[in-house]
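Structure first, then comments.
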Amino acid sequence: MKTINLDMYPFYDELDSETIGFLRANLKPISLKKDNILFYQGDICDNILFLIRGTVRLYIQSDTADEITLYELKEGEQCIVNTASTMSQTEAIGSAVTLTDIEGYLLDVKSVKELAHRCDEYQSFLFSIYTLRMSSLAKLVNDLQFKQLDERILEWLNKQGNSPIKTTHEYIANELGTTRVVVSRILKELEKKSKVKLSRGIINIL
């Protein structure tokens, strides 16, 4: 019998043996290397990813090819862009790319709906991730609308942990929904103000 490892998902311990058997029969293991696209903005997803190892970046892209990160998906989480597209069979509002090597399981749309029908705990889990993501997306919109970009850059840098931070200006631009040129200009201004020190591929917070 196929074994599955969904222990990091809070609803899994609440499942009865019949539902666990149903998942064993329908979950398909997936393993991908870093920098693989899971789906593109505009695709209609046919499966939902249950991530058990690694990190996935969700982002949207404008007509001019500028990107902005919506959020990062971690193990034990489920993507609301992926879920909404799969459950409603509508176009995904963003794209998903693996930031690291990943492992997980895929569950097709028919089986996902059956799981939601069988399991109140899974439905509660879905509502909880929607609440979590909507809160983070609301904060993103607020930051874009009301915060100066230099403030947002400093906040982002401080969230990355201890200095020095290994990153690129293009990566920061994608994370914050702007362009590499603008990020480079602001970082230079912050360096003149002795808030950061720049070197190739590294930023030190002062």
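FYI, nothing fancy with the structure tokens labels: chains A, B, ... in order, residues from 1 per chain, ligands from 1 as they appear.
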
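Shell of Leu132 in chain A at 12 Å, with only C-alpha atoms counted and residues fewer than 5 places along the chain excluded, is Tyr71, Leu73, Glu77, Gln78, Cys79, Ile80, Phe125, Leu126, Phe127, Leu137, Ala138 and Lys139 of chain A.
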
Checklist entry - Counting only C-alpha atoms, what is within 10 Å of Ile60 in chain A, bar same-chain residues fewer than 6 positions away, as a count of residues only? => result 14

I need the residues in range 58-93 of chain A that are strand (DSSP E) according to DSSP; give them as an mmCIF file with C-alpha atoms, in the first residue's frame.
```cif
data_model
loop_
_atom_site.group_PDB
_atom_site.id
_atom_site.type_symbol
_atom_site.label_atom_id
_atom_site.label_comp_id
_atom_site.auth_asym_id
_atom_site.auth_seq_id
_atom_site.Cartn_x
_atom_site.Cartn_y
_atom_site.Cartn_z
ATOM 1 C CA LEU A 58 3.775 32.976 -6.280
ATOM 2 C CA TYR A 59 3.908 36.116 -8.396
ATOM 3 C CA ILE A 60 1.950 38.195 -10.886
ATOM 4 C CA GLN A 61 3.335 39.738 -14.060
ATOM 5 C CA GLU A 67 6.833 41.007 -11.573
ATOM 6 C CA ILE A 68 5.588 41.324 -8.023
ATOM 7 C CA THR A 69 5.706 38.546 -5.446
ATOM 8 C CA LEU A 70 2.354 37.688 -3.873
ATOM 9 C CA TYR A 71 3.729 35.273 -1.270
ATOM 10 C CA GLU A 72 5.986 32.273 -0.753
ATOM 11 C CA LEU A 73 4.490 28.832 -0.189
#
```

Checklist outcome for this item: Correct to one decimal, the distance CA of Ser184 in chain A-CA of Asp150 in chain A is 10.8 Å

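CA of Ile48 in chain A to CA of Lys28 in chain A spans 10.4 Å [interatomic distance, one decimal].
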
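Distances here use only C-alpha atoms; by that measure, the residue among A:Leu106, A:Val196, A:Leu176, A:Ile52 closest to Gln148 in chain A is A:Leu176.
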
Next on the checklist: Among range 59-167 of chain A, which residues does DSSP mark as helix (DSSP H, G or I) when it is run on the backbone? Keep the chain and numbering as in the structure and answer as number ranges by chain.
Outcome noted: A: 80-88, 109-118, 120-146, 149-159

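Comparing the minimum interatomic distances between Gly54 in chain A and each of A:Leu140, A:Asp101, A:Asn36, A:Ser17, counting only C-alpha atoms, we find that A:Asp101 sits nearest.
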
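CA of Ser136 in chain A lies 17.8 Å from CA of Glu151 in chain A.
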
Checklist entry - Using only C-alpha atoms, which residues sit within 10 Å of Glu14 in chain A once same-chain residues fewer than 5 positions away are excluded, as JSON, numbers by chain? => result {"A": [19, 20, 119, 120, 121, 122]}

Next, write the just-selected residues to a file, as a CSV table (one decimal), in the first residue's frame, keeping N, CA and C atoms as the atom set.
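As written to disk, again_17.csv reads:
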```csv
chain,number,residue,atom,x,y,z
A,19,THR,N,-10.9,7.8,4.6
A,19,THR,CA,-10.4,9.0,3.8
A,19,THR,C,-8.9,8.9,3.6
A,20,ILE,N,-8.1,8.4,4.6
A,20,ILE,CA,-6.7,8.2,4.4
A,20,ILE,C,-6.5,7.3,3.2
A,119,CYS,N,-14.6,15.6,4.3
A,119,CYS,CA,-13.8,16.0,5.5
A,119,CYS,C,-14.1,17.5,5.9
A,120,ASP,N,-14.8,17.7,7.0
A,120,ASP,CA,-15.0,19.1,7.5
A,120,ASP,C,-13.7,19.7,7.9
A,121,GLU,N,-12.7,18.9,8.4
A,121,GLU,CA,-11.5,19.5,8.8
A,121,GLU,C,-10.7,20.0,7.6
A,122,TYR,N,-10.8,19.4,6.5
A,122,TYR,CA,-10.1,19.9,5.3
A,122,TYR,C,-10.8,21.2,4.9
```

Item to check | Spatial neighbours of Leu154 in chain A, 10 Å, only C-alpha atoms, chain gap at least 6 places, as a list in words | outcome: Leu187, Leu190, Lys195, Val196 and Ile205 of chain A

Checklist entry - From the set A:Leu6, A:Val109, A:Ile202, A:Leu99, which residue has the shortest atom-to-atom contact distance to Pro29 in chain A, counting only C-alpha atoms? => result A:Leu6

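Minimum distance to Thr179 in chain A across A:Glu114, A:Leu149, A:Arg53, A:Tyr12 (counting only C-alpha atoms) occurs at A:Leu149.
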